[in-house]
Amino acid sequence: MTTIMMTKAAHKTDVIIIGAGPCGLFAVFELGLLGLSTHLIDILDKPGGQCAELYPEKPIYDIPAWPVISGQDLTDRLMEQIAPFSPVFHFGELAESLIKTPDNLWRITTDAGTTIEAPAIVIAAGGGSFMPKKPPLDGIEAYENESVFYAVRKIESFRGKRVVIAGGGDSALDWTLNLQAVAERVSLVHHRDGFRAAPHSVARMKQMAADGLIDFVIGKLDNLVGEAPALSGVAVTGADGQKVLPADRFLCFFGLTMKLGPIAEFGLNFSENLIPVDTEKFETSVPGIFAIGDINRYPGKLKLILSGFHEAALMSQAAFQICRPGERLRFQYTTSSTQLQQRLKVA
Amino acid sequence: MAFAVTEACIRCKYTDCVEVCPVDCFYEGENMLVIHPDECIDCGVCEPECPAEAIIADTAPDAARWLELNAKYALLWPNIADKKDPPADADAFSGQPNKFEQHFSPEPAKESV
């Protein structure tokens, strides 16, 4: 019998950017002006990083020429600004490993099996990867990805299931409302009768509970019931004592936490979870790997978006030398250079 | 740039903030929590969570005193990353004035029971 190795062909690009927050996005622009193509990898399912995930509506006052702009608007503007360079996004994926190929390229493989090869890497990972916070329930790992989930990838996989949802934010509320129609039964568990969610969603959830369409339980999660990875229920203690909510699926939305993740194993020097770089190229201890934005460290570093933009510009000059060895880089202004304007698709 | 916990937390310790903090920057004393100002990323998620309204931005009036206290004790107290039950009498202390003078303890949190 012949064994067929299923390997997806690797994407090829000039620069792979890990992190699609504001600095990663602006790096696309600066690299693009120099004629370099980019792929971006981000664990979130959308661009913007912390700006989009943590404070989409919070006003930012220190972006040059924007007296005030929200995190989401800044993200949207950056996406508009980099559109001419057609960056390729790999959302919902975690950069898992980094190796050097025999032909001297860097190869990144993601947790989804995507492989990308490039002469240069930019780490713009901010505070690290957003990972779901897990409830402190014994042995929960044994159920994960079989009956316990921290996100909904496919609504269909919950059809006809008894689903217990835990959490008090928008994600918990939204999925309670959305899964109610397909699941056999949805029970929402929160430790108090207060939510950090859109008031409209809270009102709808309570109406559904009043109508008997879902169960809303105020209580504390005790443990999971059933032989892992199969789940039969979730034990909860409420005002009237402990009970077991029957469940085939448990969805937990306790917010996100940022963890450095696999990039800590990429062989770079780290100092207090930050990557030391020089201030000429913003290059790490490994030639060809750069770090910009909140994740880097150098004397005088300020964790500001505007600093990350500056770092992206200087990094791009150095990345060009790696991607186009021997070619001369001519410094040009967007106001007057026809070549830059063509790349920007305005000329 | 950071948020800080004020005396309004003292003897309440609801820990709702801990549950939502994306960077786990809360530290636990015997009867209040503090935020490590260098670890806080200023996201503001915790501020509206606190039932005792104990969390303020560093731009708030009177913030300096609490920032200083947070910075000092974040280095001395253990990190708290998971929500836990508040003290049984927490509600009785919620909203009381002058809790710092009357009830502040510089001791770290006791080992969880």
# chains A, B, ... in the order shown; residues from 1 in each chain; ligands from 1

$ interface_residues --of "chain A" --to "chain B" --cutoff "12 Å" --atoms "only C-alpha atoms" --output "number ranges by chain"
A: 49-60, 71, 126-137, 167-169, 190-197, 219-221, 253-260, 272-273, 294, 302-304

$ write_last_selection --atoms "N, CA and C atoms" --output "short mmCIF file (atom, residue, chain, number, x, y, z; two decimals), in the first residue's frame"
data_model
loop_
_atom_site.label_atom_id
_atom_site.label_comp_id
_atom_site.auth_asym_id
_atom_site.auth_seq_id
_atom_site.Cartn_x
_atom_site.Cartn_y
_atom_site.Cartn_z
N GLY A 49 -6.42 43.60 16.06
CA GLY A 49 -5.79 43.20 17.32
C GLY A 49 -6.52 43.75 18.53
N GLN A 50 -5.73 44.25 19.51
CA GLN A 50 -6.34 44.79 20.72
C GLN A 50 -7.35 45.90 20.41
N CYS A 51 -7.03 46.73 19.41
CA CYS A 51 -7.91 47.85 19.07
C CYS A 51 -9.32 47.37 18.74
N ALA A 52 -9.40 46.26 18.01
CA ALA A 52 -10.69 45.76 17.58
C ALA A 52 -11.32 44.83 18.63
N GLU A 53 -10.47 44.10 19.35
CA GLU A 53 -11.00 43.09 20.26
C GLU A 53 -11.32 43.68 21.64
N LEU A 54 -10.46 44.56 22.13
CA LEU A 54 -10.63 45.06 23.49
C LEU A 54 -11.31 46.42 23.57
N TYR A 55 -10.96 47.31 22.64
CA TYR A 55 -11.59 48.63 22.75
C TYR A 55 -12.01 49.21 21.40
N PRO A 56 -12.89 48.49 20.69
CA PRO A 56 -13.33 48.99 19.38
C PRO A 56 -13.98 50.37 19.46
N GLU A 57 -14.62 50.67 20.58
CA GLU A 57 -15.35 51.94 20.66
C GLU A 57 -14.65 52.99 21.51
N LYS A 58 -13.50 52.61 22.05
CA LYS A 58 -12.80 53.55 22.92
C LYS A 58 -12.05 54.58 22.08
N PRO A 59 -12.19 55.86 22.43
CA PRO A 59 -11.49 56.87 21.63
C PRO A 59 -9.99 56.89 21.89
N ILE A 60 -9.21 57.02 20.83
CA ILE A 60 -7.76 57.16 20.92
C ILE A 60 -7.45 58.59 20.50
N GLY A 71 -10.89 52.68 18.16
CA GLY A 71 -10.06 51.54 17.79
C GLY A 71 -10.55 50.88 16.51
N GLY A 126 2.02 42.20 19.49
CA GLY A 126 1.45 42.96 20.61
C GLY A 126 1.70 42.30 21.95
N GLY A 127 0.63 42.04 22.68
CA GLY A 127 0.74 41.39 23.99
C GLY A 127 0.68 39.89 23.89
N GLY A 128 0.69 39.36 22.67
CA GLY A 128 0.64 37.91 22.49
C GLY A 128 -0.66 37.50 21.84
N SER A 129 -0.88 36.19 21.76
CA SER A 129 -2.08 35.66 21.14
C SER A 129 -3.26 35.76 22.10
N PHE A 130 -4.40 36.13 21.55
CA PHE A 130 -5.61 36.08 22.35
C PHE A 130 -6.05 34.63 22.51
N MET A 131 -6.14 34.18 23.75
CA MET A 131 -6.58 32.82 24.02
C MET A 131 -7.80 32.90 24.94
N PRO A 132 -8.70 31.93 24.82
CA PRO A 132 -9.87 31.99 25.71
C PRO A 132 -9.46 31.72 27.16
N LYS A 133 -10.11 32.44 28.07
CA LYS A 133 -9.93 32.14 29.49
C LYS A 133 -10.76 30.91 29.79
N LYS A 134 -10.20 30.01 30.57
CA LYS A 134 -10.92 28.77 30.87
C LYS A 134 -11.45 28.79 32.29
N PRO A 135 -12.60 28.17 32.50
CA PRO A 135 -13.11 28.12 33.87
C PRO A 135 -12.30 27.11 34.68
N PRO A 136 -12.15 27.35 35.97
CA PRO A 136 -11.35 26.44 36.79
C PRO A 136 -12.12 25.17 37.13
N LEU A 137 -12.36 24.32 36.12
CA LEU A 137 -13.08 23.06 36.35
C LEU A 137 -12.11 21.91 36.16
N GLY A 167 -21.12 32.40 31.00
CA GLY A 167 -20.51 33.71 30.77
C GLY A 167 -21.53 34.82 30.88
N GLY A 168 -21.03 36.05 30.98
CA GLY A 168 -21.92 37.19 31.17
C GLY A 168 -21.66 38.33 30.21
N GLY A 169 -20.97 38.05 29.12
CA GLY A 169 -20.66 39.09 28.15
C GLY A 169 -21.45 38.93 26.87
N HIS A 190 -24.76 32.07 34.60
CA HIS A 190 -23.91 33.21 34.96
C HIS A 190 -23.95 33.34 36.47
N HIS A 191 -22.85 33.85 37.03
CA HIS A 191 -22.79 33.85 38.49
C HIS A 191 -23.64 34.93 39.15
N ARG A 192 -24.12 35.86 38.34
CA ARG A 192 -24.98 36.89 38.93
C ARG A 192 -25.97 37.38 37.88
N ASP A 193 -26.95 38.12 38.35
CA ASP A 193 -27.96 38.62 37.43
C ASP A 193 -27.55 39.99 36.91
N GLY A 194 -26.33 40.07 36.40
CA GLY A 194 -25.83 41.31 35.82
C GLY A 194 -24.95 40.93 34.65
N PHE A 195 -25.02 41.69 33.56
CA PHE A 195 -24.28 41.32 32.35
C PHE A 195 -23.49 42.51 31.83
N ARG A 196 -22.37 42.20 31.18
CA ARG A 196 -21.65 43.27 30.47
C ARG A 196 -21.90 43.03 28.98
N ALA A 197 -23.12 43.29 28.58
CA ALA A 197 -23.53 42.98 27.21
C ALA A 197 -24.56 44.02 26.78
N GLY A 219 -25.80 30.94 39.02
CA GLY A 219 -25.10 30.00 39.88
C GLY A 219 -23.64 29.90 39.52
N LYS A 220 -22.96 29.04 40.25
CA LYS A 220 -21.52 28.87 40.12
C LYS A 220 -21.27 27.50 39.52
N LEU A 221 -20.36 27.44 38.56
CA LEU A 221 -20.02 26.17 37.92
C LEU A 221 -19.24 25.30 38.91
N PHE A 253 -17.67 31.24 27.71
CA PHE A 253 -17.19 32.55 27.24
C PHE A 253 -16.79 33.41 28.42
N PHE A 254 -15.57 33.18 28.89
CA PHE A 254 -15.05 33.92 30.04
C PHE A 254 -14.04 34.98 29.60
N GLY A 255 -14.16 35.44 28.38
CA GLY A 255 -13.25 36.47 27.91
C GLY A 255 -11.96 35.88 27.38
N LEU A 256 -11.07 36.78 27.02
CA LEU A 256 -9.82 36.37 26.39
C LEU A 256 -8.65 36.82 27.24
N THR A 257 -7.59 36.09 27.13
CA THR A 257 -6.37 36.50 27.78
C THR A 257 -5.27 36.47 26.72
N MET A 258 -4.24 37.28 26.93
CA MET A 258 -3.16 37.29 25.95
C MET A 258 -1.95 36.52 26.46
N LYS A 259 -1.55 35.55 25.69
CA LYS A 259 -0.39 34.74 26.06
C LYS A 259 0.59 34.75 24.90
N LEU A 260 1.87 34.74 25.23
CA LEU A 260 2.90 34.80 24.20
C LEU A 260 2.75 33.66 23.19
N GLU A 272 11.85 39.52 29.67
CA GLU A 272 10.56 39.78 30.33
C GLU A 272 9.40 39.72 29.33
N ASN A 273 9.37 38.65 28.55
CA ASN A 273 8.30 38.42 27.58
C ASN A 273 8.27 39.43 26.43
N ASP A 294 4.10 46.68 20.32
CA ASP A 294 4.17 46.44 21.77
C ASP A 294 5.06 45.28 22.18
N LEU A 302 8.33 53.34 23.97
CA LEU A 302 7.01 53.72 24.43
C LEU A 302 6.00 52.82 23.74
N LYS A 303 5.12 52.21 24.50
CA LYS A 303 4.11 51.33 23.89
C LYS A 303 2.97 52.17 23.36
N LEU A 304 3.24 52.83 22.24
CA LEU A 304 2.23 53.65 21.58
C LEU A 304 2.09 53.18 20.15
#

$ atom_distance --atom1 "CA of Ala181 (chain A)" --atom2 "CA of Gly241 (chain A)"
29.2 Å

$ residues_around --residues "region 83-90 of chain A" --least-positions-apart "3" --cutoff "12 Å" --atoms "only C-alpha atoms" --output "PDB file with N, CA and C atoms, in the first residue's frame"
ATOM      1  N   HIS A  11       2.482  28.716   0.688  1.00  0.00           N
ATOM      2  CA  HIS A  11       2.375  30.057   0.105  1.00  0.00           C
ATOM      3  C   HIS A  11       3.764  30.674   0.083  1.00  0.00           C
ATOM      4  N   LYS A  12       4.015  31.496  -0.930  1.00  0.00           N
ATOM      5  CA  LYS A  12       5.291  32.215  -0.986  1.00  0.00           C
ATOM      6  C   LYS A  12       5.007  33.711  -0.988  1.00  0.00           C
ATOM      7  N   THR A  13       5.765  34.425  -0.217  1.00  0.00           N
ATOM      8  CA  THR A  13       5.596  35.879  -0.177  1.00  0.00           C
ATOM      9  C   THR A  13       6.929  36.503   0.208  1.00  0.00           C
ATOM     10  N   ASP A  14       6.964  37.855   0.223  1.00  0.00           N
ATOM     11  CA  ASP A  14       8.206  38.512   0.623  1.00  0.00           C
ATOM     12  C   ASP A  14       8.351  38.542   2.141  1.00  0.00           C
ATOM     13  N   VAL A  15       7.269  38.935   2.805  1.00  0.00           N
ATOM     14  CA  VAL A  15       7.349  39.093   4.255  1.00  0.00           C
ATOM     15  C   VAL A  15       6.102  38.496   4.904  1.00  0.00           C
ATOM     16  N   ILE A  16       6.317  37.707   5.960  1.00  0.00           N
ATOM     17  CA  ILE A  16       5.198  37.181   6.745  1.00  0.00           C
ATOM     18  C   ILE A  16       5.100  38.022   8.009  1.00  0.00           C
ATOM     19  N   ILE A  17       3.911  38.535   8.261  1.00  0.00           N
ATOM     20  CA  ILE A  17       3.689  39.362   9.445  1.00  0.00           C
ATOM     21  C   ILE A  17       2.832  38.572  10.425  1.00  0.00           C
ATOM     22  N   ILE A  18       3.329  38.402  11.633  1.00  0.00           N
ATOM     23  CA  ILE A  18       2.546  37.711  12.663  1.00  0.00           C
ATOM     24  C   ILE A  18       1.852  38.770  13.501  1.00  0.00           C
ATOM     25  N   GLY A  19       0.532  38.850  13.367  1.00  0.00           N
ATOM     26  CA  GLY A  19      -0.237  39.844  14.099  1.00  0.00           C
ATOM     27  C   GLY A  19      -0.812  40.881  13.149  1.00  0.00           C
ATOM     28  N   ALA A  20      -2.144  41.017  13.161  1.00  0.00           N
ATOM     29  CA  ALA A  20      -2.810  41.972  12.274  1.00  0.00           C
ATOM     30  C   ALA A  20      -3.408  43.129  13.055  1.00  0.00           C
ATOM     31  N   GLY A  21      -2.693  43.567  14.089  1.00  0.00           N
ATOM     32  CA  GLY A  21      -3.082  44.772  14.818  1.00  0.00           C
ATOM     33  C   GLY A  21      -2.629  45.994  14.029  1.00  0.00           C
ATOM     34  N   GLY A  24       0.997  45.712  12.589  1.00  0.00           N
ATOM     35  CA  GLY A  24       1.093  44.726  11.522  1.00  0.00           C
ATOM     36  C   GLY A  24       0.449  45.249  10.243  1.00  0.00           C
ATOM     37  N   LEU A  25      -0.682  45.922  10.392  1.00  0.00           N
ATOM     38  CA  LEU A  25      -1.374  46.458   9.217  1.00  0.00           C
ATOM     39  C   LEU A  25      -0.550  47.559   8.559  1.00  0.00           C
ATOM     40  N   PHE A  26       0.018  48.444   9.378  1.00  0.00           N
ATOM     41  CA  PHE A  26       0.790  49.527   8.784  1.00  0.00           C
ATOM     42  C   PHE A  26       2.091  49.004   8.176  1.00  0.00           C
ATOM     43  N   ALA A  27       2.592  47.906   8.695  1.00  0.00           N
ATOM     44  CA  ALA A  27       3.789  47.293   8.098  1.00  0.00           C
ATOM     45  C   ALA A  27       3.478  46.856   6.662  1.00  0.00           C
ATOM     46  N   VAL A  28       2.258  46.403   6.420  1.00  0.00           N
ATOM     47  CA  VAL A  28       1.855  46.047   5.048  1.00  0.00           C
ATOM     48  C   VAL A  28       2.032  47.251   4.133  1.00  0.00           C
ATOM     49  N   PHE A  29       1.646  48.416   4.664  1.00  0.00           N
ATOM     50  CA  PHE A  29       1.740  49.652   3.870  1.00  0.00           C
ATOM     51  C   PHE A  29       3.199  49.997   3.561  1.00  0.00           C
ATOM     52  N   GLU A  30       4.012  50.047   4.597  1.00  0.00           N
ATOM     53  CA  GLU A  30       5.412  50.459   4.405  1.00  0.00           C
ATOM     54  C   GLU A  30       6.169  49.456   3.527  1.00  0.00           C
ATOM     55  N   LEU A  31       5.910  48.172   3.725  1.00  0.00           N
ATOM     56  CA  LEU A  31       6.550  47.153   2.890  1.00  0.00           C
ATOM     57  C   LEU A  31       6.016  47.237   1.464  1.00  0.00           C
ATOM     58  N   GLY A  32       4.722  47.488   1.359  1.00  0.00           N
ATOM     59  CA  GLY A  32       4.076  47.574   0.050  1.00  0.00           C
ATOM     60  C   GLY A  32       4.623  48.720  -0.791  1.00  0.00           C
ATOM     61  N   LEU A  33       4.908  49.845  -0.136  1.00  0.00           N
ATOM     62  CA  LEU A  33       5.484  50.987  -0.862  1.00  0.00           C
ATOM     63  C   LEU A  33       6.828  50.612  -1.485  1.00  0.00           C
ATOM     64  N   LEU A  34       7.525  49.690  -0.851  1.00  0.00           N
ATOM     65  CA  LEU A  34       8.829  49.264  -1.369  1.00  0.00           C
ATOM     66  C   LEU A  34       8.676  48.098  -2.345  1.00  0.00           C
ATOM     67  N   GLY A  35       7.436  47.749  -2.641  1.00  0.00           N
ATOM     68  CA  GLY A  35       7.195  46.692  -3.622  1.00  0.00           C
ATOM     69  C   GLY A  35       7.225  45.295  -3.040  1.00  0.00           C
ATOM     70  N   LEU A  36       7.116  45.191  -1.720  1.00  0.00           N
ATOM     71  CA  LEU A  36       7.171  43.868  -1.078  1.00  0.00           C
ATOM     72  C   LEU A  36       5.764  43.362  -0.760  1.00  0.00           C
ATOM     73  N   SER A  37       5.546  42.070  -1.031  1.00  0.00           N
ATOM     74  CA  SER A  37       4.237  41.467  -0.779  1.00  0.00           C
ATOM     75  C   SER A  37       4.207  40.876   0.635  1.00  0.00           C
ATOM     76  N   THR A  38       3.006  40.739   1.186  1.00  0.00           N
ATOM     77  CA  THR A  38       2.879  40.302   2.579  1.00  0.00           C
ATOM     78  C   THR A  38       1.740  39.305   2.785  1.00  0.00           C
ATOM     79  N   HIS A  39       1.958  38.421   3.743  1.00  0.00           N
ATOM     80  CA  HIS A  39       0.902  37.576   4.301  1.00  0.00           C
ATOM     81  C   HIS A  39       0.848  37.879   5.791  1.00  0.00           C
ATOM     82  N   LEU A  40      -0.367  37.931   6.342  1.00  0.00           N
ATOM     83  CA  LEU A  40      -0.514  38.164   7.778  1.00  0.00           C
ATOM     84  C   LEU A  40      -1.227  36.987   8.426  1.00  0.00           C
ATOM     85  N   ILE A  41      -0.797  36.680   9.654  1.00  0.00           N
ATOM     86  CA  ILE A  41      -1.427  35.603  10.417  1.00  0.00           C
ATOM     87  C   ILE A  41      -1.954  36.214  11.708  1.00  0.00           C
ATOM     88  N   ASP A  42      -3.205  35.926  12.052  1.00  0.00           N
ATOM     89  CA  ASP A  42      -3.720  36.413  13.334  1.00  0.00           C
ATOM     90  C   ASP A  42      -4.699  35.404  13.914  1.00  0.00           C
ATOM     91  N   ILE A  43      -4.588  35.194  15.212  1.00  0.00           N
ATOM     92  CA  ILE A  43      -5.453  34.235  15.907  1.00  0.00           C
ATOM     93  C   ILE A  43      -6.907  34.724  15.942  1.00  0.00           C
ATOM     94  N   LEU A  44      -7.095  36.043  15.891  1.00  0.00           N
ATOM     95  CA  LEU A  44      -8.462  36.566  15.883  1.00  0.00           C
ATOM     96  C   LEU A  44      -9.079  36.349  14.508  1.00  0.00           C
ATOM     97  N   ASP A  45     -10.391  36.498  14.438  1.00  0.00           N
ATOM     98  CA  ASP A  45     -11.064  36.282  13.148  1.00  0.00           C
ATOM     99  C   ASP A  45     -11.260  37.582  12.377  1.00  0.00           C
ATOM    100  N   LYS A  46     -10.555  38.623  12.816  1.00  0.00           N
ATOM    101  CA  LYS A  46     -10.704  39.937  12.171  1.00  0.00           C
ATOM    102  C   LYS A  46      -9.431  40.750  12.394  1.00  0.00           C
ATOM    103  N   PRO A  47      -9.216  41.803  11.580  1.00  0.00           N
ATOM    104  CA  PRO A  47      -8.035  42.632  11.801  1.00  0.00           C
ATOM    105  C   PRO A  47      -8.242  43.608  12.960  1.00  0.00           C
ATOM    106  N   ASP A  76     -10.327  50.191  10.502  1.00  0.00           N
ATOM    107  CA  ASP A  76     -10.976  50.302   9.192  1.00  0.00           C
ATOM    108  C   ASP A  76     -10.170  51.187   8.246  1.00  0.00           C
ATOM    109  N   ARG A  77      -9.640  52.301   8.773  1.00  0.00           N
ATOM    110  CA  ARG A  77      -8.843  53.219   7.944  1.00  0.00           C
ATOM    111  C   ARG A  77      -7.557  52.546   7.472  1.00  0.00           C
ATOM    112  N   LEU A  78      -6.928  51.803   8.370  1.00  0.00           N
ATOM    113  CA  LEU A  78      -5.693  51.110   7.987  1.00  0.00           C
ATOM    114  C   LEU A  78      -5.979  50.075   6.904  1.00  0.00           C
ATOM    115  N   MET A  79      -7.088  49.357   7.044  1.00  0.00           N
ATOM    116  CA  MET A  79      -7.458  48.357   6.034  1.00  0.00           C
ATOM    117  C   MET A  79      -7.666  49.028   4.678  1.00  0.00           C
ATOM    118  N   GLU A  80      -8.270  50.231   4.707  1.00  0.00           N
ATOM    119  CA  GLU A  80      -8.487  50.978   3.473  1.00  0.00           C
ATOM    120  C   GLU A  80      -7.142  51.419   2.884  1.00  0.00           C
ATOM    121  N   GLU A  93      -5.905  31.823  12.833  1.00  0.00           N
ATOM    122  CA  GLU A  93      -4.809  30.848  12.838  1.00  0.00           C
ATOM    123  C   GLU A  93      -3.668  31.336  13.733  1.00  0.00           C
ATOM    124  N   LEU A  94      -3.001  30.372  14.320  1.00  0.00           N
ATOM    125  CA  LEU A  94      -1.909  30.658  15.251  1.00  0.00           C
ATOM    126  C   LEU A  94      -0.601  30.232  14.599  1.00  0.00           C
ATOM    127  N   ALA A  95       0.352  31.149  14.539  1.00  0.00           N
ATOM    128  CA  ALA A  95       1.675  30.801  13.997  1.00  0.00           C
ATOM    129  C   ALA A  95       2.335  29.838  14.976  1.00  0.00           C
ATOM    130  N   ILE A 108       6.793  29.326   8.048  1.00  0.00           N
ATOM    131  CA  ILE A 108       5.895  29.335   9.209  1.00  0.00           C
ATOM    132  C   ILE A 108       4.755  28.376   8.928  1.00  0.00           C
ATOM    133  N   THR A 109       4.439  27.542   9.910  1.00  0.00           N
ATOM    134  CA  THR A 109       3.285  26.663   9.821  1.00  0.00           C
ATOM    135  C   THR A 109       2.300  27.073  10.907  1.00  0.00           C
ATOM    136  N   THR A 110       1.031  27.172  10.533  1.00  0.00           N
ATOM    137  CA  THR A 110       0.018  27.562  11.518  1.00  0.00           C
ATOM    138  C   THR A 110      -0.667  26.324  12.082  1.00  0.00           C
ATOM    139  N   ASP A 111      -1.453  26.548  13.129  1.00  0.00           N
ATOM    140  CA  ASP A 111      -2.163  25.431  13.754  1.00  0.00           C
ATOM    141  C   ASP A 111      -3.219  24.847  12.822  1.00  0.00           C
ATOM    142  N   ALA A 112      -3.549  25.587  11.746  1.00  0.00           N
ATOM    143  CA  ALA A 112      -4.520  25.066  10.777  1.00  0.00           C
ATOM    144  C   ALA A 112      -3.811  24.330   9.645  1.00  0.00           C
ATOM    145  N   GLY A 113      -2.468  24.270   9.725  1.00  0.00           N
ATOM    146  CA  GLY A 113      -1.728  23.540   8.701  1.00  0.00           C
ATOM    147  C   GLY A 113      -1.297  24.387   7.516  1.00  0.00           C
ATOM    148  N   THR A 114      -1.606  25.676   7.550  1.00  0.00           N
ATOM    149  CA  THR A 114      -1.152  26.574   6.487  1.00  0.00           C
ATOM    150  C   THR A 114       0.359  26.746   6.593  1.00  0.00           C
ATOM    151  N   THR A 115       1.047  26.658   5.452  1.00  0.00           N
ATOM    152  CA  THR A 115       2.488  26.943   5.482  1.00  0.00           C
ATOM    153  C   THR A 115       2.771  28.104   4.546  1.00  0.00           C
ATOM    154  N   ILE A 116       3.635  28.988   5.028  1.00  0.00           N
ATOM    155  CA  ILE A 116       3.999  30.180   4.262  1.00  0.00           C
ATOM    156  C   ILE A 116       5.515  30.311   4.327  1.00  0.00           C
ATOM    157  N   LEU A 340       5.794  55.066  -6.570  1.00  0.00           N
ATOM    158  CA  LEU A 340       5.015  54.853  -5.350  1.00  0.00           C
ATOM    159  C   LEU A 340       3.533  55.038  -5.616  1.00  0.00           C
ATOM    160  N   GLN A 341       3.214  56.031  -6.435  1.00  0.00           N
ATOM    161  CA  GLN A 341       1.803  56.292  -6.709  1.00  0.00           C
ATOM    162  C   GLN A 341       1.173  55.150  -7.514  1.00  0.00           C
ATOM    163  N   GLN A 342       1.997  54.509  -8.365  1.00  0.00           N
ATOM    164  CA  GLN A 342       1.477  53.353  -9.089  1.00  0.00           C
ATOM    165  C   GLN A 342       1.212  52.205  -8.135  1.00  0.00           C
ATOM    166  N   ARG A 343       2.148  52.016  -7.198  1.00  0.00           N
ATOM    167  CA  ARG A 343       1.922  50.954  -6.203  1.00  0.00           C
ATOM    168  C   ARG A 343       0.689  51.245  -5.357  1.00  0.00           C
ATOM    169  N   LEU A 344       0.449  52.520  -5.118  1.00  0.00           N
ATOM    170  CA  LEU A 344      -0.736  52.914  -4.343  1.00  0.00           C
ATOM    171  C   LEU A 344      -2.002  52.908  -5.198  1.00  0.00           C
ATOM    172  N   LYS A 345      -1.800  52.627  -6.489  1.00  0.00           N
ATOM    173  CA  LYS A 345      -2.895  52.577  -7.467  1.00  0.00           C
ATOM    174  C   LYS A 345      -3.632  53.914  -7.564  1.00  0.00           C
ATOM    175  N   VAL A 346      -2.876  54.991  -7.456  1.00  0.00           N
ATOM    176  CA  VAL A 346      -3.468  56.317  -7.665  1.00  0.00           C
ATOM    177  C   VAL A 346      -2.909  56.986  -8.910  1.00  0.00           C
ATOM    178  N   ALA A 347      -1.889  56.372  -9.507  1.00  0.00           N
ATOM    179  CA  ALA A 347      -1.321  56.958 -10.730  1.00  0.00           C
ATOM    180  C   ALA A 347      -1.346  55.927 -11.864  1.00  0.00           C
TER     181      ALA A 347
END

$ residues_around --residues "Thr6 (chain B)" --least-positions-apart "5" --cutoff "12 Å" --atoms "only C-alpha atoms" --output "mmCIF file with C-alpha atoms, in the first residue's frame"
data_model
loop_
_atom_site.group_PDB
_atom_site.id
_atom_site.type_symbol
_atom_site.label_atom_id
_atom_site.label_comp_id
_atom_site.auth_asym_id
_atom_site.auth_seq_id
_atom_site.Cartn_x
_atom_site.Cartn_y
_atom_site.Cartn_z
ATOM 1 C CA ARG B 11 -13.395 44.306 52.113
ATOM 2 C CA CYS B 12 -15.566 43.873 48.997
ATOM 3 C CA LYS B 13 -13.206 42.029 46.624
ATOM 4 C CA ASN B 31 -8.806 42.683 51.732
ATOM 5 C CA MET B 32 -8.369 44.479 48.436
ATOM 6 C CA LEU B 33 -7.003 44.030 44.916
ATOM 7 C CA VAL B 34 -4.577 46.231 43.028
ATOM 8 C CA ILE B 35 -3.588 46.598 39.366
ATOM 9 C CA GLU B 47 -13.801 49.364 34.894
ATOM 10 C CA CYS B 50 -16.707 46.340 39.297
ATOM 11 C CA ALA B 52 -18.243 48.509 43.914
ATOM 12 C CA GLU B 53 -17.102 50.998 41.236
ATOM 13 C CA ALA B 54 -13.625 50.747 42.644
ATOM 14 C CA ILE B 55 -11.668 50.991 39.399
ATOM 15 C CA ILE B 56 -10.622 54.372 38.018
ATOM 16 C CA ALA B 57 -8.552 55.576 35.076
ATOM 17 C CA ASP B 58 -5.269 57.294 35.863
ATOM 18 C CA ALA B 60 -9.407 60.620 37.231
ATOM 19 C CA PRO B 61 -9.079 63.269 39.926
ATOM 20 C CA ASP B 62 -7.336 61.858 42.993
ATOM 21 C CA ALA B 63 -5.899 59.014 40.897
ATOM 22 C CA ALA B 64 -2.284 59.673 41.875
ATOM 23 C CA ARG B 65 -2.713 58.363 45.408
ATOM 24 C CA TRP B 66 -4.274 55.111 44.235
ATOM 25 C CA LEU B 67 -1.812 54.604 41.388
ATOM 26 C CA GLU B 68 0.997 54.840 43.890
ATOM 27 C CA LEU B 69 -0.685 52.336 46.197
ATOM 28 C CA ASN B 70 -1.391 49.962 43.291
ATOM 29 C CA GLY B 95 -20.085 52.018 49.217
ATOM 30 C CA PRO B 97 -16.627 55.902 53.001
ATOM 31 C CA ASN B 98 -13.067 56.101 54.344
ATOM 32 C CA LYS B 99 -12.388 52.406 54.060
ATOM 33 C CA PHE B 100 -8.665 52.981 53.614
ATOM 34 C CA PHE B 104 -6.740 48.751 54.713
#

$ atom_distance --atom1 "CA of Arg324 (chain A)" --atom2 "CA of Cys23 (chain A)"
22.6 Å

$ atom_distance --atom1 "CA of Cys46 (chain B)" --atom2 "CA of Tyr14 (chain B)"
11.8 Å

$ select_by_dssp --residues "region 10-60 of chain B" --states "strand (DSSP E)" --output "PyMOL selection string"
chain B and resi 26-28+33-35+55-57

$ write_last_selection --atoms "N, CA and C atoms" --output "compact mmCIF listing (two decimals), in the first residue's frame"
# COMPACT_ATOMS: atom_id res chain seq x y z
N PHE B 26 -4.08 41.72 37.91
CA PHE B 26 -4.54 42.01 39.27
C PHE B 26 -3.73 41.24 40.30
N TYR B 27 -3.52 41.90 41.44
CA TYR B 27 -2.78 41.29 42.55
C TYR B 27 -3.63 41.40 43.79
N GLU B 28 -3.55 40.38 44.65
CA GLU B 28 -4.51 40.27 45.73
C GLU B 28 -3.90 40.45 47.12
N LEU B 33 -7.82 44.37 46.08
CA LEU B 33 -7.00 44.03 44.92
C LEU B 33 -6.30 45.29 44.43
N VAL B 34 -5.21 45.10 43.71
CA VAL B 34 -4.58 46.23 43.03
C VAL B 34 -4.23 45.81 41.60
N ILE B 35 -3.98 46.81 40.76
CA ILE B 35 -3.59 46.60 39.37
C ILE B 35 -2.11 46.93 39.22
N ILE B 55 -12.76 50.86 40.37
CA ILE B 55 -11.67 50.99 39.40
C ILE B 55 -11.77 52.33 38.67
N ILE B 56 -10.64 53.06 38.66
CA ILE B 56 -10.62 54.37 38.02
C ILE B 56 -9.47 54.44 37.01
N ALA B 57 -9.63 55.33 36.03
CA ALA B 57 -8.55 55.58 35.08
C ALA B 57 -7.53 56.49 35.74
